[in-house]
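This report concerns only the one structure given below.
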Amino acid sequence: MKTVTIGKHQVGSEHRPLIVAEMSGNHDGDLDRALAIVDAVAASGAQALKLQTYRADTMTVDVDHPRFQVGAGHDLWGGESLYALYERAHTPWDWHEPIFARAREHGLVAFSSPFDPTAVDFLESLDVPAYKIASCEIVDLPLIRYVARTGKPLIVSTGMASVGEIDAAVRTAREAGCEQLVVLGCTASYPADPADTNLRALPLIESMFDVPVGYSDHTMGIGVPVAAVALGACLIEKHVTLDRAGGGVDAAFSAEPAELSALVAETERAWQALGRPRIGARPAEAEVLRFRRSLYVVADVAAGESATERNVRSIRPAGGLSPDAIDAVIGRVFKADVPRGTPLTWDLF
């Protein structure tokens with residue numbers, strides 16, 4: 001079974017899901033708020049914190065044209081220029097070191113999504129333990145190649161991607177030396193409708209590309225990531241904010257601290273429930289197994305009496321003949337006295 005090591009954590013089906021809390025732009029331009037988010041993530045039980053490393057100028061150009069604007073009908077950012085959106089949402093690069101330091105103090109694994117080679121170089125100077133490729137960048141094969149050459153584990157998100165595009169990204173990463181790769185299912189809409197998440201694709205991704213799979217979730221609540229774990233997700237990424245009502249570029253579809261805590265608990269519970277592909281009694285059922293029904297002598301009988309429905313019945317506990325033996329038992333003659341409460345066995349006749 002494939003296992004990837006991210007920091008001190010193992011990512012794979014044999015290990016509890018790795019929960020990655022995405023800060024994105026929910027710091028709302030305030031470093032103290034960013035550090036408070038780190039504290040909340042740590043308190044939730046999540047194991048990892050992720051940033052996004054870019055500047056508006058590394059993402060796009062400041063051009064006043066509809067091509068460079070979010071569609072007017074978008075729920076969150078309708079009509080906003082890409083440049084202004086990224087200017088508002090980016091995490092200043094000089095914040096990364098104090099944010100990562102706070103995360104490490106809490107024992108969190110901290111890493112980021114780079115969006116161009118300069119971001120990779122900067123993150124390498126901070127010795128991040130892994131990288132994430134965002135959904136829109138899955139087609140930027142030169143960026144994937146550049147990241148893969150660091151030798152660090154790589155997490156690739158697949159929102160909007162075709163099978164061919166995922167295959168190209170995976171091949172590019174592996175050919176460039178990436179030996180530890182996780183591929184995430186994702187629906188790149190914000191917020192995402194659960195009906196659009198298509199979680200049944202996760203086992204397909206796992207089998208087609210021979211990788212641990214995860215899910216990058218933009219839906220409301222925790223139901224989708226819990227279901228993703230049931231379908232094999234070993235890593236869950238979720239945007240997080242201190243307070244949805246308090247603003248932040250992604251706050252509207254982000255989890256608040258209490259929801260993140262619930263996500264951590266319930267995804268681990270879902271993983272524990274998966275067990276193994278086998279059918280049969282579990283060790284935990286041993287005590288209850290004793291109380292299955294079986295045939296018992298339920299009234300004192302004397303030698304020479306016949307078994308009847310009055311003196312033999314199917315009751316709890318186990319220990320006697322199977323209840324289905326009742327027709328073969330009725331009418332047989334007891335060879336000795338038998339007290340009430342004796343398990344019925346063939347040697348009594």
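Ordering of the structure tokens sets the chain letters (A, B, ...); residue numbers start at 1 within each chain; ligands are numbered from 1 in the order shown.
When the distance limit is 8 Å and only C-alpha atoms are what count, the residues near Leu202 in chain A, minus those fewer than 4 positions from it on the same chain, are A:Gly185, A:Glu206, A:Val213, A:Gly214, A:Ala228, A:Leu231, A:Gly232, A:Ala233.
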Could you give me, as a short mmCIF file (atom, residue, chain, number, x, y, z; two decimals) with N, CA, C and O atoms, in the first residue's frame, the residues within 9 Å of range 338-342 of chain A, counting only C-alpha atoms and dropping anything in the same chain fewer than 3 positions from it?
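Saved result, around_26.cif, follows:
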data_model
loop_
_atom_site.label_atom_id
_atom_site.label_comp_id
_atom_site.auth_asym_id
_atom_site.auth_seq_id
_atom_site.Cartn_x
_atom_site.Cartn_y
_atom_site.Cartn_z
N TYR A 296 -32.38 -25.14 24.16
CA TYR A 296 -32.17 -25.47 25.56
C TYR A 296 -33.33 -26.31 26.09
O TYR A 296 -34.46 -26.20 25.59
N VAL A 297 -33.02 -27.10 27.12
CA VAL A 297 -34.08 -27.74 27.90
C VAL A 297 -34.65 -26.67 28.83
O VAL A 297 -33.91 -26.08 29.62
N VAL A 298 -35.94 -26.36 28.70
CA VAL A 298 -36.54 -25.26 29.45
C VAL A 298 -37.48 -25.74 30.56
O VAL A 298 -38.06 -24.91 31.27
N ALA A 299 -37.60 -27.06 30.71
CA ALA A 299 -38.37 -27.62 31.82
C ALA A 299 -37.68 -28.92 32.23
O ALA A 299 -37.15 -29.65 31.39
N ASP A 300 -37.68 -29.21 33.53
CA ASP A 300 -37.06 -30.45 33.98
C ASP A 300 -37.70 -31.65 33.27
O ASP A 300 -38.94 -31.71 33.13
N VAL A 301 -36.86 -32.58 32.79
CA VAL A 301 -37.38 -33.78 32.14
C VAL A 301 -36.78 -35.02 32.82
O VAL A 301 -35.68 -34.98 33.38
N ALA A 302 -37.52 -36.10 32.74
CA ALA A 302 -37.07 -37.38 33.31
C ALA A 302 -36.66 -38.31 32.19
O ALA A 302 -37.09 -38.18 31.04
N ALA A 303 -35.82 -39.26 32.54
CA ALA A 303 -35.40 -40.27 31.56
C ALA A 303 -36.63 -40.92 30.97
O ALA A 303 -37.59 -41.25 31.67
N ASN A 311 -40.86 -28.54 26.55
CA ASN A 311 -39.64 -28.68 27.33
C ASN A 311 -38.35 -28.34 26.56
O ASN A 311 -37.25 -28.33 27.14
N GLY A 320 -26.24 -24.52 22.93
CA GLY A 320 -27.01 -25.69 22.53
C GLY A 320 -27.00 -25.88 21.04
O GLY A 320 -26.29 -25.19 20.30
N PHE A 334 -35.34 -38.61 25.83
CA PHE A 334 -34.20 -38.33 26.70
C PHE A 334 -33.74 -39.63 27.38
O PHE A 334 -34.56 -40.41 27.87
N LYS A 335 -32.43 -39.86 27.44
CA LYS A 335 -31.91 -41.10 28.01
C LYS A 335 -31.62 -41.00 29.50
O LYS A 335 -31.33 -42.00 30.15
N THR A 345 -28.01 -31.02 23.55
CA THR A 345 -27.02 -31.64 22.69
C THR A 345 -27.50 -33.02 22.28
O THR A 345 -28.37 -33.61 22.95
N LEU A 348 -27.86 -36.14 24.69
CA LEU A 348 -28.90 -36.24 25.73
C LEU A 348 -29.97 -37.25 25.34
O LEU A 348 -30.79 -37.63 26.21
#
As a VMD selection string, please: every residue in range 150-289 of chain A that a backbone DSSP assignment puts in helix (DSSP H, G or I).
chain A and resid 163 to 175 194 to 196 201 to 209 223 to 230 244 to 246 251 to 253 257 to 274 283 to 289
Contacts of Thr3 in chain A at 10 Å or less, counting only C-alpha atoms, minus same-chain residues fewer than 6 places along, as number ranges by chain?
A: 9-15, 180-182, 211-212, 234
DSSP strand (DSSP E or B) residues within range 202-346 of chain A, listed as a VMD selection string
chain A and resid 213 to 217 235 to 240 255 294 to 297 301 306 312 to 315 333 338 342 to 343
Show me, as an MDAnalysis selection string, the residues that have an atom within 8 Å of Leu154 in chain A when counting only C-alpha atoms, minus same-chain residues fewer than 4 positions from it.
chainID A and resid 130:133 147:148 178 180:182
Neighbour list for range 31-42 of chain A as an MDAnalysis selection string, cut-off 10 Å, only C-alpha atoms, skip fewer than 2 positions in-chain:
chainID A and resid 19:29 44:50 91:92 95:96 98:108 110 240:243 256:258 260:261
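When CA of Ala173 in chain A is paired with CA of Leu126 in chain A, their separation reads 21.6 Å.
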What does the distance from CA of Thr60 in chain A to CA of Leu82 in chain A come to in Å, to one decimal?
7.0 Å
What is the CA of Leu321 in chain A-CA of Arg282 in chain A distance in Å, reported with one decimal?
22.2 Å
Can you list every residue of range 195-269 of chain A that has an atom at most 9 Å from range 159-166 of chain A, with its nearest atom pair and the distance in Å to one decimal, using only C-alpha atoms, ordered by chain then number, as a tab-separated table?
residue	atom	partner	partner_atom	distance
A:Ile205	CA	A:Val163	CA	8.8
A:Phe209	CA	A:Ile166	CA	8.8
A:Ser216	CA	A:Gly159	CA	8.6
Produce a file of the selected residues containing all heavy atoms, as a compact mmCIF listing (two decimals), in the first residue's frame.
# COMPACT_ATOMS: atom_id res chain seq x y z
N ILE A 205 -9.15 7.43 -9.16
CA ILE A 205 -7.86 8.13 -9.15
C ILE A 205 -6.80 7.25 -8.49
O ILE A 205 -5.68 7.11 -8.99
CB ILE A 205 -7.99 9.48 -8.43
CG1 ILE A 205 -8.91 10.43 -9.21
CG2 ILE A 205 -6.63 10.12 -8.21
CD1 ILE A 205 -9.25 11.70 -8.47
N PHE A 209 -3.71 5.91 -10.93
CA PHE A 209 -2.41 6.57 -10.82
C PHE A 209 -1.53 5.99 -9.70
O PHE A 209 -0.42 6.46 -9.49
CB PHE A 209 -2.61 8.07 -10.63
CG PHE A 209 -3.36 8.69 -11.78
CD1 PHE A 209 -4.69 9.08 -11.62
CD2 PHE A 209 -2.78 8.83 -13.02
CE1 PHE A 209 -5.40 9.62 -12.68
CE2 PHE A 209 -3.48 9.37 -14.08
CZ PHE A 209 -4.79 9.77 -13.92
N SER A 216 -9.84 17.82 -1.48
CA SER A 216 -9.79 19.25 -1.17
C SER A 216 -11.22 19.76 -1.21
O SER A 216 -11.84 19.82 -2.28
CB SER A 216 -8.92 19.98 -2.20
OG SER A 216 -8.91 21.37 -1.93
Long-range neighbours of Tyr146 in chain A as a VMD selection string, 12 Å cut-off, only C-alpha atoms, 4 positions minimum in chain
chain A and resid 114 to 121 124 131 133 140 to 142 150 to 152 154 169 172 to 178
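Shortest separation to Gly248 in chain A among A:Ala328, A:Ala286, A:Ala307, A:Leu85 occurs at residue A:Leu85, atoms counted being only C-alpha atoms.
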